[in-house]
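> To start, I am sharing the structure in question, which I have written as structure tokens.
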Amino acid sequence: MDGEVRTYLGVPLYRPKVAFFEFTSCEGCQLQILNNEVNLLDFFSLIEVVNFREVMTERSDDYEIAFVEGSITTDNEIKRLKRIRRQAKMLIAFGSCACFGGVNQLKNRFRDLDYVKREVYGEHPVESKKVRAIDEIVDVDLRIYGCPVRKEEVEKIVLHIALGKSLTVPKYPVCVECKANENICLFDLGEPCLGPITRAGCNAWCPTNRAGCWGCRGPAEDVNMEEMLRIMKGHGFSEETIMDRLECFGGFSPVKIPEESIR
Amino acid sequence: MIFRVFEKEELKKLVELLIAHNRVVGPVEAGKDSSGIPIYAFGEIFEFKDLRLNYTTTKLSAKKYFLPFKEELATFRMDTMNWQKEINYNVKSPLILFGLHPCDINALNKLDKVLIHSDYPMPYYLAKRKNTFIVGVNCEPQPSCFCRSMGTDTAMHGFDLFITDLGNRYFAEIHTDTAYNFLKHIKTTEPCEDDHVRYMKIVSERNKKFVTYVDTTDLMKILDMEFQSEVWKHWGDRCLACGTCSSVCPTCYCYGVEESVDIDLKRARKLKMLYSCNLIDFAEVAGGHNFRPERSTRLKYRYYHKHRGFVEAFEESLCVGCGRCGEACLAEIRVPDVINSVRSNGVRV
């Protein structure tokens with residue numbers, strides 16, 4: 001994936017060497033990048049991809065930026081991740097599995113993980129430990145949230161790296177984007193929604209399609225969990241419904257949920 | 001002022017005439033809530049039957065036609081060593097806004113004070129405001145409406161035509177020559193004594209229907225006295241910091257500006273996005289310091305802007321009492337409750 005160095009207002013752009021890696025995940029976040037045909041060539045002209053299993057056979061360990069998708073569930077993954085960290089100048093947690101454990105971490109709810117393994121793999125068990133986000137193993141420089149990540153956001157981040165512009169992620173919740181899209185509030189429609197506490201940046205992807213937010217991007221930066229639980233309860237949603245949403249992607253696990261406010 | 005009356009079926013003719021030659025927006029039914037109650041919004045009117053002139057209130061205000069949630073302020077065309085700036089005020093065509101309630105007309109009048117009649121007029125707003133023909137319509141006060149306390153229950157100016165349903169016919173108040181010329185296309189007559197009596201009766205009946213009041217006497221001073229009040233903490237503890245109050249508000253105009261570059265590096269854009277003072281980083285400055293990290297402080301300043309700062313600058317409140325913010329707030333933080341709690345120096349809701 002060679003190409004001439006691009007310039008912006010006459011200034012040559014820095015074209016970093018980038019590698020993509022996947023751990024325990026569906027690889028859907030990487031697929032999102034490829035799923036953006038219109039801008040794909042422009043996107044790849046900003047970076048020099050040296051490792052990307054979904055698009056190329058060549059592999060090189062000479063990279064500066066590592067996009068790491070997936071959560072960590074085996075000893076081998078821990079070793080691989082640490083090796084990547086030693087090489088990468090910038091390690092990006094790519095998608096909700098890498099950021100919070102993602103859907104995979106649902107199994108951590110079970111006290112007996114051997115039971116989970118028996119249920120899933122039966123006679124043919126594989127090594128699978130408690131699910132961990134990558135920042136539980138190594139330092140992470142940047143997080144790109146979402147299940148899957150939003151391709152426009154990934155594009156913008158890569159562009160900003162190339163231009164040397166600062167990187168910002170919305171700190172406010174999904175409601176801001178949802179209102180800007182002129183949606184009817186899902187609570188008015190009797191649907192549960194985590195929009196008021198979930199970090200924006202997805203352009204209210206689910207609520208705009210009339211599906212309540214499941215919190216895949218994790219908490220916004222000023223979450224009023226106590227009030228949110230009171231509201232959900234007041235709208236008649238059961239504890240199970242509330243917990244299903246809050247626990248689905250793992251983003252809300254660091255937020256303390258006061259037991260008494262649910263029961 | 002010129003008054004006319006016209007028969008009900010003439011309204012259909014008027015609207016259809018306007019639709020035939022213009023872009024017309026007005027209250028439409030956007031859906032139904034879980035109890036089957038209609039949810040109204042401002043949207044495009046393609047046929048007369050789309051128009052819901054007897055609507056209660058819309059969830060979002062009509063400010064989106066003047067202050068879009070997201071707006072491109074400028075684009076920059078880049079070539080190797082140079083760039084060219086292009087400015088567009090984003091007015092595609094004149095707009096007819098048919099069916100605005102008095103509170104929303106007053107909201108635009110208040111926005112005019114800041115965005116047109118101030119030291120730094122905003123051309124993007126001005127261009128849209130000047131290219132909009134506004135038809136006001138009388139309303140049925142809802143339990144959440146407190147416009148009568150804010151002095152915004154009637155509109156004195158800021159529209160072209162105002163129609164009031166007299167039951168058997170419409171009473172029209174003509175404010176501009178454009179409106180006068182439009183009305184030439186339908187059959188109207190001079191109102192008779194009977195129409196005047198009917199109009200006054202409707203006004204007095206409407207006034208009896210307001211159930212929510214806010215005491216604004218000395219509110220500016222009281223807000224100064226109660227700056228440190230504990231009530232702000234109470235409301236801050238309830239606030240979700242989601243910015244919904246500002247999003248639905250017809251007068252919240254605060255915004256952020258961001259510059260972005262297209263991925264092909266051929267264009268860059270300056271984008272404006274409406275922002276809320278209740279969002280966590282509203283008062284965050286370069287270097288990362290946040291002047292208002294607590295929800296209670298941010299919520300408080302929203303009230304201070306509406307009911308104190310604006311009053312000091314323009315001798316009127318920035319709140320029109322439409323009640324949208326309280327209705328949209330999932331935490332049920334309502335302006336009358338907040339103001340009453342400040343006045344009585346304690347939370348009694």
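By order of appearance in the structure tokens: chains A, B, ..., then residues from 1 within every chain, and ligands from 1 in the order shown.
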Using only C-alpha atoms, which residues sit within 10 Å of Met228 in chain A once same-chain residues fewer than 4 positions away are excluded, as JSON, numbers by chain?
{"A": [193, 194, 196, 197, 223, 224, 232, 233, 234, 242, 261], "B": [238, 239, 240, 330, 331]}
> May I have the residues within 9 Å of Leu81 in chain A as a ChimeraX atom specification, using only C-alpha atoms and disregarding those fewer than 6 positions away in the same chain?
/A:23,68,72,134,137-138
> Generate the output file for the selected residues, N, CA and C atoms, as a PDB file, in the first residue's frame.

```
ATOM      1  N   PHE A  23      -8.238  -9.583  18.735  1.00  0.00           N
ATOM      2  CA  PHE A  23      -8.215 -10.572  19.801  1.00  0.00           C
ATOM      3  C   PHE A  23      -9.620 -11.170  19.866  1.00  0.00           C
ATOM      4  N   VAL A  68      -6.086  -2.097  18.059  1.00  0.00           N
ATOM      5  CA  VAL A  68      -6.314  -3.402  18.662  1.00  0.00           C
ATOM      6  C   VAL A  68      -7.798  -3.612  18.907  1.00  0.00           C
ATOM      7  N   ILE A  72      -9.512  -9.651  25.910  1.00  0.00           N
ATOM      8  CA  ILE A  72      -8.425 -10.584  26.188  1.00  0.00           C
ATOM      9  C   ILE A  72      -8.961 -11.743  27.029  1.00  0.00           C
ATOM     10  N   ILE A 134      -8.492  -4.381  27.167  1.00  0.00           N
ATOM     11  CA  ILE A 134      -7.045  -4.384  26.959  1.00  0.00           C
ATOM     12  C   ILE A 134      -6.302  -3.469  27.930  1.00  0.00           C
ATOM     13  N   ILE A 137      -4.471  -4.948  30.835  1.00  0.00           N
ATOM     14  CA  ILE A 137      -3.206  -5.648  30.598  1.00  0.00           C
ATOM     15  C   ILE A 137      -2.088  -4.651  30.257  1.00  0.00           C
ATOM     16  N   VAL A 138      -2.379  -3.720  29.363  1.00  0.00           N
ATOM     17  CA  VAL A 138      -1.354  -2.752  28.913  1.00  0.00           C
ATOM     18  C   VAL A 138      -1.933  -1.331  28.941  1.00  0.00           C
TER      19      VAL A 138
END
```
> Could you tell me how far CA of Glu247 in chain A sits from CA of Ile231 in chain A, in Å to one decimal place?
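Result for CA of Ile231 in chain A versus CA of Glu247 in chain A: 17.7 Å, one decimal.
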> Find the spatial neighbours of Ser166 in chain A, counting only C-alpha atoms, within a cut-off of 12 Å - ignore same-chain residues fewer than 2 positions away - and output them as a compact mmCIF listing (two decimals) with N, CA, C and O atoms, in the first residue's frame.

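Final file, part06.txt:
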```
# COMPACT_ATOMS: atom_id res chain seq x y z
N LEU A 142 -5.41 5.61 23.25
CA LEU A 142 -6.64 6.20 22.71
C LEU A 142 -7.71 5.13 22.63
O LEU A 142 -7.41 3.97 22.34
N LYS A 156 -12.12 10.35 10.96
CA LYS A 156 -11.77 11.65 11.51
C LYS A 156 -10.53 11.53 12.41
O LYS A 156 -9.63 12.38 12.34
N ILE A 157 -10.48 10.49 13.20
CA ILE A 157 -9.34 10.30 14.10
C ILE A 157 -8.06 10.09 13.30
O ILE A 157 -7.03 10.73 13.57
N VAL A 158 -8.13 9.24 12.28
CA VAL A 158 -6.95 8.98 11.46
C VAL A 158 -6.51 10.27 10.73
O VAL A 158 -5.32 10.60 10.68
N LEU A 159 -7.49 11.01 10.24
CA LEU A 159 -7.19 12.27 9.56
C LEU A 159 -6.51 13.25 10.51
O LEU A 159 -5.53 13.92 10.15
N HIS A 160 -7.02 13.32 11.73
CA HIS A 160 -6.43 14.22 12.71
C HIS A 160 -5.00 13.80 13.09
O HIS A 160 -4.15 14.64 13.33
N ILE A 161 -4.76 12.50 13.12
CA ILE A 161 -3.39 12.03 13.39
C ILE A 161 -2.48 12.49 12.26
O ILE A 161 -1.40 13.03 12.49
N ALA A 162 -2.96 12.34 11.01
CA ALA A 162 -2.15 12.73 9.86
C ALA A 162 -1.89 14.24 9.83
O ALA A 162 -0.81 14.70 9.48
N LEU A 163 -2.90 15.02 10.22
CA LEU A 163 -2.78 16.48 10.18
C LEU A 163 -2.13 17.06 11.43
O LEU A 163 -1.83 18.24 11.50
N GLY A 164 -1.98 16.22 12.45
CA GLY A 164 -1.45 16.70 13.71
C GLY A 164 -2.44 17.54 14.49
O GLY A 164 -2.07 18.40 15.29
N THR A 168 -10.51 14.62 19.68
CA THR A 168 -11.55 14.79 20.69
C THR A 168 -12.69 13.82 20.45
O THR A 168 -13.03 13.50 19.31
N VAL A 169 -13.24 13.35 21.55
CA VAL A 169 -14.40 12.46 21.52
C VAL A 169 -15.47 13.18 22.32
O VAL A 169 -15.16 13.82 23.32
N GLU B 258 -16.59 24.12 15.16
CA GLU B 258 -15.52 23.14 14.95
C GLU B 258 -15.05 23.24 13.50
O GLU B 258 -15.87 23.45 12.61
N GLU B 259 -13.76 23.12 13.31
CA GLU B 259 -13.26 23.10 11.93
C GLU B 259 -12.89 21.68 11.56
O GLU B 259 -12.27 20.98 12.34
N SER B 260 -13.31 21.28 10.39
CA SER B 260 -12.99 19.91 9.99
C SER B 260 -12.44 19.91 8.57
O SER B 260 -12.73 20.81 7.78
N ALA B 286 -9.38 26.04 26.85
CA ALA B 286 -8.10 25.50 26.37
C ALA B 286 -7.20 25.23 27.58
O ALA B 286 -7.13 26.03 28.50
```
> DSSP on the backbone, then: every residue of range 51-148 of chain A marked alpha helix (DSSP H), written as a list in words.
Asp75, Asn76, Glu77, Ile78, Lys79, Arg80, Leu81, Lys82, Arg83, Ile84, Arg85, Arg86, Gln87, Ser96, Cys97, Ala98, Cys99, Phe100, Leu113, Asp114, Tyr115, Val116, Lys117, Arg118, Glu119, Val120 and Tyr121 of chain A
> With the cut-off set at 7 Å and counting only C-alpha atoms, tabulate each residue of chain A with an atom at most that distance from an atom of chain B, showing the nearest atom pair and its distance in Å to one decimal, ordered by chain and increasing number, as a Markdown table.

```
| residue | atom | partner | partner_atom | distance |
| --- | --- | --- | --- | --- |
| A:Tyr8 | CA | B:Leu265 | CA | 6.5 |
| A:Leu9 | CA | B:Met81 | CA | 4.8 |
| A:Gly10 | CA | B:Met81 | CA | 5.1 |
| A:Asp42 | CA | B:Asp264 | CA | 5.6 |
| A:Phe43 | CA | B:Ile263 | CA | 6.8 |
| A:Leu159 | CA | B:Ile263 | CA | 6.6 |
| A:Lys171 | CA | B:Ile280 | CA | 6.9 |
| A:Tyr172 | CA | B:Leu279 | CA | 5.9 |
| A:Pro173 | CA | B:Cys242 | CA | 5.8 |
| A:Cys175 | CA | B:Cys242 | CA | 5.9 |
| A:Val176 | CA | B:Gly243 | CA | 6.1 |
| A:Lys179 | CA | B:Ser247 | CA | 6.3 |
| A:Ala180 | CA | B:Phe69 | CA | 5.5 |
| A:Asp188 | CA | B:Asp33 | CA | 5.3 |
| A:Leu189 | CA | B:Ser34 | CA | 4.7 |
| A:Gly190 | CA | B:Ser34 | CA | 5.4 |
| A:Pro196 | CA | B:Cys242 | CA | 5.7 |
| A:Asp222 | CA | B:Ile280 | CA | 6.3 |
| A:Val223 | CA | B:Leu240 | CA | 6.9 |
| A:Asn224 | CA | B:Leu240 | CA | 5.5 |
| A:Glu227 | CA | B:Arg238 | CA | 6.0 |
| A:Ile231 | CA | B:Ala331 | CA | 6.7 |
```
> Report the residues of range 172-296 of chain B whose backbone DSSP state falls under strand (DSSP E), written as a list in words.
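DSSP on the backbone gives strand (DSSP E) at Ala172, Glu173, Ile174, Tyr255, Gly256, Val257, Glu258, Glu259, Ser260, Val261, Arg267, Ala268, Arg269, Lys270, Leu271, Lys272, Met273 and Leu274 of chain B.
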> Output the selection as a PDB file, in the first residue's frame - N, CA, C and O atoms for each residue.

```
ATOM      1  N   ALA B 172     -58.519  37.317  11.185  1.00  0.00           N
ATOM      2  CA  ALA B 172     -57.132  37.489  10.729  1.00  0.00           C
ATOM      3  C   ALA B 172     -56.607  38.870  11.077  1.00  0.00           C
ATOM      4  O   ALA B 172     -57.286  39.873  10.903  1.00  0.00           O
ATOM      5  N   GLU B 173     -55.374  38.862  11.580  1.00  0.00           N
ATOM      6  CA  GLU B 173     -54.695  40.104  11.931  1.00  0.00           C
ATOM      7  C   GLU B 173     -53.563  40.250  10.912  1.00  0.00           C
ATOM      8  O   GLU B 173     -52.687  39.396  10.838  1.00  0.00           O
ATOM      9  N   ILE B 174     -53.629  41.312  10.115  1.00  0.00           N
ATOM     10  CA  ILE B 174     -52.652  41.456   9.033  1.00  0.00           C
ATOM     11  C   ILE B 174     -51.550  42.426   9.451  1.00  0.00           C
ATOM     12  O   ILE B 174     -51.827  43.566   9.829  1.00  0.00           O
ATOM     13  N   TYR B 255     -23.798  27.889  21.148  1.00  0.00           N
ATOM     14  CA  TYR B 255     -23.274  26.959  20.145  1.00  0.00           C
ATOM     15  C   TYR B 255     -21.763  26.797  20.257  1.00  0.00           C
ATOM     16  O   TYR B 255     -21.094  27.564  20.934  1.00  0.00           O
ATOM     17  N   GLY B 256     -21.281  25.782  19.590  1.00  0.00           N
ATOM     18  CA  GLY B 256     -19.843  25.553  19.486  1.00  0.00           C
ATOM     19  C   GLY B 256     -19.464  25.553  18.017  1.00  0.00           C
ATOM     20  O   GLY B 256     -20.315  25.332  17.156  1.00  0.00           O
ATOM     21  N   VAL B 257     -18.208  25.843  17.736  1.00  0.00           N
ATOM     22  CA  VAL B 257     -17.745  25.846  16.344  1.00  0.00           C
ATOM     23  C   VAL B 257     -16.562  24.890  16.218  1.00  0.00           C
ATOM     24  O   VAL B 257     -15.688  24.852  17.078  1.00  0.00           O
ATOM     25  N   GLU B 258     -16.588  24.115  15.163  1.00  0.00           N
ATOM     26  CA  GLU B 258     -15.523  23.139  14.948  1.00  0.00           C
ATOM     27  C   GLU B 258     -15.049  23.241  13.505  1.00  0.00           C
ATOM     28  O   GLU B 258     -15.868  23.445  12.607  1.00  0.00           O
ATOM     29  N   GLU B 259     -13.760  23.121  13.306  1.00  0.00           N
ATOM     30  CA  GLU B 259     -13.255  23.103  11.934  1.00  0.00           C
ATOM     31  C   GLU B 259     -12.892  21.678  11.560  1.00  0.00           C
ATOM     32  O   GLU B 259     -12.270  20.975  12.343  1.00  0.00           O
ATOM     33  N   SER B 260     -13.314  21.278  10.388  1.00  0.00           N
ATOM     34  CA  SER B 260     -12.989  19.915   9.986  1.00  0.00           C
ATOM     35  C   SER B 260     -12.443  19.914   8.569  1.00  0.00           C
ATOM     36  O   SER B 260     -12.734  20.810   7.777  1.00  0.00           O
ATOM     37  N   VAL B 261     -11.646  18.918   8.283  1.00  0.00           N
ATOM     38  CA  VAL B 261     -11.044  18.788   6.958  1.00  0.00           C
ATOM     39  C   VAL B 261     -11.629  17.533   6.321  1.00  0.00           C
ATOM     40  O   VAL B 261     -11.766  16.510   6.987  1.00  0.00           O
ATOM     41  N   ARG B 267     -11.198  20.006   0.756  1.00  0.00           N
ATOM     42  CA  ARG B 267     -12.065  20.998   1.360  1.00  0.00           C
ATOM     43  C   ARG B 267     -11.955  20.942   2.875  1.00  0.00           C
ATOM     44  O   ARG B 267     -11.687  19.890   3.456  1.00  0.00           O
ATOM     45  N   ALA B 268     -12.199  22.099   3.486  1.00  0.00           N
ATOM     46  CA  ALA B 268     -12.326  22.131   4.936  1.00  0.00           C
ATOM     47  C   ALA B 268     -13.609  22.885   5.240  1.00  0.00           C
ATOM     48  O   ALA B 268     -14.125  23.614   4.390  1.00  0.00           O
ATOM     49  N   ARG B 269     -14.137  22.661   6.396  1.00  0.00           N
ATOM     50  CA  ARG B 269     -15.419  23.264   6.743  1.00  0.00           C
ATOM     51  C   ARG B 269     -15.388  23.839   8.153  1.00  0.00           C
ATOM     52  O   ARG B 269     -14.741  23.278   9.040  1.00  0.00           O
ATOM     53  N   LYS B 270     -16.146  24.931   8.301  1.00  0.00           N
ATOM     54  CA  LYS B 270     -16.355  25.473   9.644  1.00  0.00           C
ATOM     55  C   LYS B 270     -17.786  25.146  10.018  1.00  0.00           C
ATOM     56  O   LYS B 270     -18.716  25.576   9.349  1.00  0.00           O
ATOM     57  N   LEU B 271     -17.938  24.332  11.056  1.00  0.00           N
ATOM     58  CA  LEU B 271     -19.260  23.838  11.416  1.00  0.00           C
ATOM     59  C   LEU B 271     -19.712  24.397  12.750  1.00  0.00           C
ATOM     60  O   LEU B 271     -18.933  24.447  13.703  1.00  0.00           O
ATOM     61  N   LYS B 272     -20.960  24.806  12.777  1.00  0.00           N
ATOM     62  CA  LYS B 272     -21.552  25.306  14.007  1.00  0.00           C
ATOM     63  C   LYS B 272     -22.503  24.243  14.533  1.00  0.00           C
ATOM     64  O   LYS B 272     -23.224  23.608  13.763  1.00  0.00           O
ATOM     65  N   MET B 273     -22.489  24.039  15.837  1.00  0.00           N
ATOM     66  CA  MET B 273     -23.373  23.045  16.422  1.00  0.00           C
ATOM     67  C   MET B 273     -23.986  23.653  17.684  1.00  0.00           C
ATOM     68  O   MET B 273     -23.266  24.188  18.518  1.00  0.00           O
ATOM     69  N   LEU B 274     -25.317  23.595  17.780  1.00  0.00           N
ATOM     70  CA  LEU B 274     -25.959  24.122  18.994  1.00  0.00           C
ATOM     71  C   LEU B 274     -25.473  23.314  20.186  1.00  0.00           C
ATOM     72  O   LEU B 274     -25.332  22.102  20.112  1.00  0.00           O
TER      73      LEU B 274
END
```
> Excluding Ile2 in chain B and residues on its chain fewer than 5 positions from it, collect all residues at most 12 Å away from it, counting only C-alpha atoms, and give them as a ChimeraX atom specification.
/B:160-162,171-177,179-180,183,188-191
> Which is closer to Leu46 in chain A than all the others in A:Thr24, A:Asn209, A:Ser253, A:Thr7, using only C-alpha atoms?
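Among A:Thr24, A:Asn209, A:Ser253, A:Thr7, it is A:Thr7 that comes nearest to Leu46 in chain A.
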> Would you compute the distance between CA of Asp139 in chain A and CA of Leu106 in chain A? Give it in Å to one decimal.
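Straight-line distance from CA of Asp139 in chain A to CA of Leu106 in chain A works out to 23.1 Å.
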> Please measure the separation of CA of Leu41 in chain A and CA of Phe20 in chain A, giving the value in Å to one decimal.
17.0 Å
> Here is a test: counting only C-alpha atoms, which residue of A:Pro219, A:Met90, A:Val154, A:Glu240 is nearest to Leu34 in chain A?
A:Val154
